[in-house]
Amino acid sequence: MVHLSNSLSPLALKNLIEHFLDSKKAQEIVSIDLHGKSSIADYLVIVSASSQRQVGSMAQLLKEELKKNGLKNVNIEGLAQCDWVLVDAGDVIVHIFRPEIRSFYDLEKMWSVEMSEEITKVSIS
């Protein structure tokens, strides 16, 4: 895994991302722990946004927030269409979807074997 910042642990980075996306009105925030399943990242964070404009805006604002927190070289893919945008933050990969695209690809199901333990729905208060 590529650590983009020495200041945040993968868990702290995931928590920062979840709270930031929640503050930007992301819907149905789901985090998937990839430890032992993949070497690409430690966590996937999957969210929905209500429109293409919100998908793109949320991705760009998240990139800016991550830069403020010391992460360099954050990459974004999918901004041209903004149906599904991927933000690669190194230890955490974020997928921002329009709801119907998220439903079609169903990444939560693809990455989980045991839904009860592997996926944590985030409730931020």
# chains A, B, ... in the order shown; residues from 1 in each chain; ligands from 1
call {"tool": "select_by_dssp", "arguments": {"residues": "range 16-49 of chain A", "states": "strand (DSSP E)", "output": "VMD selection string"}}
result
chain A and resid 27 to 33 43 to 48
call {"tool": "write_last_selection", "arguments": {"atoms": "C-alpha atoms", "output": "PDB file, in the first residue's frame"}}
result
ATOM      1  CA  GLN A  27     -25.826   9.534   1.403  1.00  0.00           C
ATOM      2  CA  GLU A  28     -25.550   5.911   2.550  1.00  0.00           C
ATOM      3  CA  ILE A  29     -21.928   6.022   3.675  1.00  0.00           C
ATOM      4  CA  VAL A  30     -20.524   2.489   3.815  1.00  0.00           C
ATOM      5  CA  SER A  31     -16.983   1.487   4.756  1.00  0.00           C
ATOM      6  CA  ILE A  32     -15.488  -1.869   3.868  1.00  0.00           C
ATOM      7  CA  ASP A  33     -12.426  -3.189   5.672  1.00  0.00           C
ATOM      8  CA  TYR A  43     -10.524   0.536   3.334  1.00  0.00           C
ATOM      9  CA  LEU A  44     -13.121   1.309   0.693  1.00  0.00           C
ATOM     10  CA  VAL A  45     -15.572   4.089   1.433  1.00  0.00           C
ATOM     11  CA  ILE A  46     -18.662   4.061  -0.771  1.00  0.00           C
ATOM     12  CA  VAL A  47     -21.206   6.888  -0.842  1.00  0.00           C
ATOM     13  CA  SER A  48     -24.033   8.189  -2.969  1.00  0.00           C
TER      14      SER A  48
END
call {"tool": "residues_around", "arguments": {"residues": "His19 in chain A", "least_positions_apart": "2", "cutoff": "12 Å", "atoms": "only C-alpha atoms", "output": "ChimeraX atom specification"}}
result
/A:12-17,21-27,29-31,45,47,62,65,122-125
call {"tool": "write_last_selection", "arguments": {"atoms": "C-alpha atoms", "output": "short mmCIF file (atom, residue, chain, number, x, y, z; two decimals), in the first residue's frame"}}
result
data_model
loop_
_atom_site.label_atom_id
_atom_site.label_comp_id
_atom_site.auth_asym_id
_atom_site.auth_seq_id
_atom_site.Cartn_x
_atom_site.Cartn_y
_atom_site.Cartn_z
CA ALA A 12 -7.81 7.91 11.05
CA LEU A 13 -7.83 8.67 7.32
CA LYS A 14 -11.00 6.61 6.85
CA ASN A 15 -12.67 8.43 9.75
CA LEU A 16 -11.63 11.84 8.39
CA ILE A 17 -13.06 10.95 4.97
CA LEU A 21 -18.34 13.32 3.22
CA ASP A 22 -21.11 13.31 5.82
CA SER A 23 -20.67 17.08 6.24
CA LYS A 24 -21.12 17.43 2.46
CA LYS A 25 -24.42 15.53 2.58
CA ALA A 26 -23.16 12.22 1.20
CA GLN A 27 -25.83 9.53 1.40
CA ILE A 29 -21.93 6.02 3.67
CA VAL A 30 -20.52 2.49 3.81
CA SER A 31 -16.98 1.49 4.76
CA VAL A 45 -15.57 4.09 1.43
CA VAL A 47 -21.21 6.89 -0.84
CA LEU A 62 -12.57 15.85 -0.69
CA GLU A 65 -9.58 18.54 2.27
CA VAL A 122 -21.50 4.63 9.21
CA SER A 123 -23.69 6.57 11.57
CA ILE A 124 -22.16 9.94 12.25
CA SER A 125 -23.69 12.11 14.89
#
call {"tool": "select_by_dssp", "arguments": {"residues": "chain A", "states": "alpha helix (DSSP H)", "output": "number ranges by chain"}}
result
A: 10-23, 52-68, 99-105, 107-111, 115-118
call {"tool": "atom_distance", "arguments": {"atom1": "CA of Gln60 in chain A", "atom2": "CA of Val87 in chain A"}}
result
8.9 Å
call {"tool": "closest_residue", "arguments": {"among": "A:Glu108, A:Ile96, A:Gln52, A:Ala59", "to": "Cys82 in chain A", "atoms": "only C-alpha atoms"}}
result
A:Gln52
call {"tool": "residues_around", "arguments": {"residues": "Lys68 in chain A", "least_positions_apart": "5", "cutoff": "12 Å", "atoms": "only C-alpha atoms", "output": "list in words"}}
result
Ser5, Ser7, Leu16, Leu61, Leu62, Lys63 and Val74 of chain A
call {"tool": "write_last_selection", "arguments": {"atoms": "all heavy atoms", "output": "mmCIF file, in the first residue's frame"}}
result
data_model
loop_
_atom_site.group_PDB
_atom_site.id
_atom_site.type_symbol
_atom_site.label_atom_id
_atom_site.label_comp_id
_atom_site.auth_asym_id
_atom_site.auth_seq_id
_atom_site.Cartn_x
_atom_site.Cartn_y
_atom_site.Cartn_z
ATOM 1 N N SER A 5 0.514 9.921 3.439
ATOM 2 C CA SER A 5 0.797 10.827 4.546
ATOM 3 C C SER A 5 1.283 10.015 5.729
ATOM 4 O O SER A 5 0.746 8.969 6.030
ATOM 5 C CB SER A 5 -0.476 11.575 4.952
ATOM 6 O OG SER A 5 -0.265 12.278 6.151
ATOM 7 N N SER A 7 1.214 11.271 8.695
ATOM 8 C CA SER A 7 0.559 11.800 9.877
ATOM 9 C C SER A 7 -0.751 11.094 10.227
ATOM 10 O O SER A 7 -1.197 11.184 11.358
ATOM 11 C CB SER A 7 0.304 13.298 9.713
ATOM 12 O OG SER A 7 -0.558 13.511 8.618
ATOM 13 N N LEU A 16 -11.642 10.469 8.913
ATOM 14 C CA LEU A 16 -11.633 11.835 8.387
ATOM 15 C C LEU A 16 -12.492 11.920 7.125
ATOM 16 O O LEU A 16 -13.324 12.826 6.981
ATOM 17 C CB LEU A 16 -10.200 12.269 8.076
ATOM 18 C CG LEU A 16 -10.061 13.575 7.297
ATOM 19 C CD1 LEU A 16 -10.203 14.767 8.225
ATOM 20 C CD2 LEU A 16 -8.748 13.629 6.568
ATOM 21 N N LEU A 61 -13.900 18.590 -3.586
ATOM 22 C CA LEU A 61 -13.786 19.122 -2.224
ATOM 23 C C LEU A 61 -13.046 18.158 -1.308
ATOM 24 O O LEU A 61 -12.257 18.579 -0.458
ATOM 25 C CB LEU A 61 -15.166 19.455 -1.656
ATOM 26 C CG LEU A 61 -15.880 20.644 -2.291
ATOM 27 C CD1 LEU A 61 -17.323 20.718 -1.809
ATOM 28 C CD2 LEU A 61 -15.138 21.946 -2.009
ATOM 29 N N LEU A 62 -13.280 16.852 -1.490
ATOM 30 C CA LEU A 62 -12.566 15.854 -0.692
ATOM 31 C C LEU A 62 -11.070 15.913 -1.000
ATOM 32 O O LEU A 62 -10.249 15.871 -0.081
ATOM 33 C CB LEU A 62 -13.106 14.448 -0.955
ATOM 34 C CG LEU A 62 -12.385 13.315 -0.240
ATOM 35 C CD1 LEU A 62 -12.430 13.486 1.287
ATOM 36 C CD2 LEU A 62 -12.980 11.968 -0.645
ATOM 37 N N LYS A 63 -10.706 16.036 -2.261
ATOM 38 C CA LYS A 63 -9.293 16.139 -2.628
ATOM 39 C C LYS A 63 -8.648 17.344 -1.943
ATOM 40 O O LYS A 63 -7.553 17.238 -1.390
ATOM 41 C CB LYS A 63 -9.138 16.240 -4.140
ATOM 42 C CG LYS A 63 -7.691 16.314 -4.589
ATOM 43 C CD LYS A 63 -7.560 16.336 -6.096
ATOM 44 C CE LYS A 63 -6.090 16.383 -6.492
ATOM 45 N NZ LYS A 63 -5.916 16.285 -7.945
ATOM 46 N N VAL A 74 -3.213 12.897 -4.384
ATOM 47 C CA VAL A 74 -4.533 12.275 -4.367
ATOM 48 C C VAL A 74 -5.054 12.287 -5.804
ATOM 49 O O VAL A 74 -5.076 13.335 -6.450
ATOM 50 C CB VAL A 74 -5.498 13.038 -3.428
ATOM 51 C CG1 VAL A 74 -6.901 12.467 -3.509
ATOM 52 C CG2 VAL A 74 -4.979 13.001 -1.998
#
call {"tool": "residues_around", "arguments": {"residues": "Ala80 in chain A", "least_positions_apart": "6", "cutoff": "12 Å", "atoms": "only C-alpha atoms", "output": "list in words"}}
result
Gln52, Arg53, Val55, Gly56 and Leu86 of chain A
call {"tool": "closest_residue", "arguments": {"among": "A:Trp111, A:Tyr105, A:Phe97, A:Phe20", "to": "Gly78 in chain A", "atoms": "only C-alpha atoms"}}
result
A:Phe97
call {"tool": "residues_around", "arguments": {"residues": "Arg98 in chain A", "least_positions_apart": "2", "cutoff": "7 Å", "atoms": "only C-alpha atoms", "output": "PyMOL selection string"}}
result
chain A and resi 48-52+55+83-84+100-102
call {"tool": "write_last_selection", "arguments": {"atoms": "C-alpha atoms", "output": "CSV table (one decimal), in the first residue's frame"}}
result
chain,number,residue,atom,x,y,z
A,48,SER,CA,-24.0,8.2,-3.0
A,49,ALA,CA,-24.6,11.7,-4.1
A,50,SER,CA,-27.9,13.0,-5.5
A,51,SER,CA,-26.7,14.4,-8.9
A,52,GLN,CA,-23.7,14.4,-11.2
A,55,VAL,CA,-20.7,13.7,-7.3
A,83,ASP,CA,-21.8,9.1,-12.5
A,84,TRP,CA,-19.1,7.3,-10.6
A,100,GLU,CA,-28.7,4.2,-9.7
A,101,ILE,CA,-25.1,3.6,-10.8
A,102,ARG,CA,-24.2,2.5,-7.3
call {"tool": "atom_distance", "arguments": {"atom1": "CA of Pro99 in chain A", "atom2": "CA of Leu66 in chain A"}}
result
24.3 Å
call {"tool": "closest_residue", "arguments": {"among": "A:Val92, A:Ser9, A:Phe104, A:Val85", "to": "Ser57 in chain A", "atoms": "only C-alpha atoms"}}
result
A:Val85
call {"tool": "decode", "arguments": {"residues": "range 64-88 of chain A", "atoms": "C-alpha atoms", "output": "PDB file, in the first residue's frame"}}
result
ATOM      1  CA  GLU A  64      -8.815  19.690  -1.292  1.00  0.00           C
ATOM      2  CA  GLU A  65      -9.579  18.543   2.267  1.00  0.00           C
ATOM      3  CA  LEU A  66      -7.090  15.686   2.006  1.00  0.00           C
ATOM      4  CA  LYS A  67      -4.413  18.092   0.750  1.00  0.00           C
ATOM      5  CA  LYS A  68      -5.100  20.348   3.771  1.00  0.00           C
ATOM      6  CA  ASN A  69      -4.454  17.292   5.954  1.00  0.00           C
ATOM      7  CA  GLY A  70      -1.074  16.569   4.364  1.00  0.00           C
ATOM      8  CA  LEU A  71      -1.948  13.996   1.705  1.00  0.00           C
ATOM      9  CA  LYS A  72      -0.096  14.492  -1.550  1.00  0.00           C
ATOM     10  CA  ASN A  73      -0.864  13.034  -4.967  1.00  0.00           C
ATOM     11  CA  VAL A  74      -4.533  12.275  -4.367  1.00  0.00           C
ATOM     12  CA  ASN A  75      -5.896  11.029  -7.699  1.00  0.00           C
ATOM     13  CA  ILE A  76      -9.438  11.346  -9.018  1.00  0.00           C
ATOM     14  CA  GLU A  77     -10.916   9.280 -11.861  1.00  0.00           C
ATOM     15  CA  GLY A  78     -14.313   9.697 -13.506  1.00  0.00           C
ATOM     16  CA  LEU A  79     -14.840  13.470 -13.360  1.00  0.00           C
ATOM     17  CA  ALA A  80     -15.744  13.644 -17.064  1.00  0.00           C
ATOM     18  CA  GLN A  81     -19.128  11.932 -16.546  1.00  0.00           C
ATOM     19  CA  CYS A  82     -19.566  12.212 -12.753  1.00  0.00           C
ATOM     20  CA  ASP A  83     -21.751   9.101 -12.540  1.00  0.00           C
ATOM     21  CA  TRP A  84     -19.071   7.265 -10.568  1.00  0.00           C
ATOM     22  CA  VAL A  85     -15.964   9.033  -9.315  1.00  0.00           C
ATOM     23  CA  LEU A  86     -13.080   7.279  -7.611  1.00  0.00           C
ATOM     24  CA  VAL A  87     -10.825   9.183  -5.213  1.00  0.00           C
ATOM     25  CA  ASP A  88      -7.569   7.342  -4.496  1.00  0.00           C
TER      26      ASP A  88
END
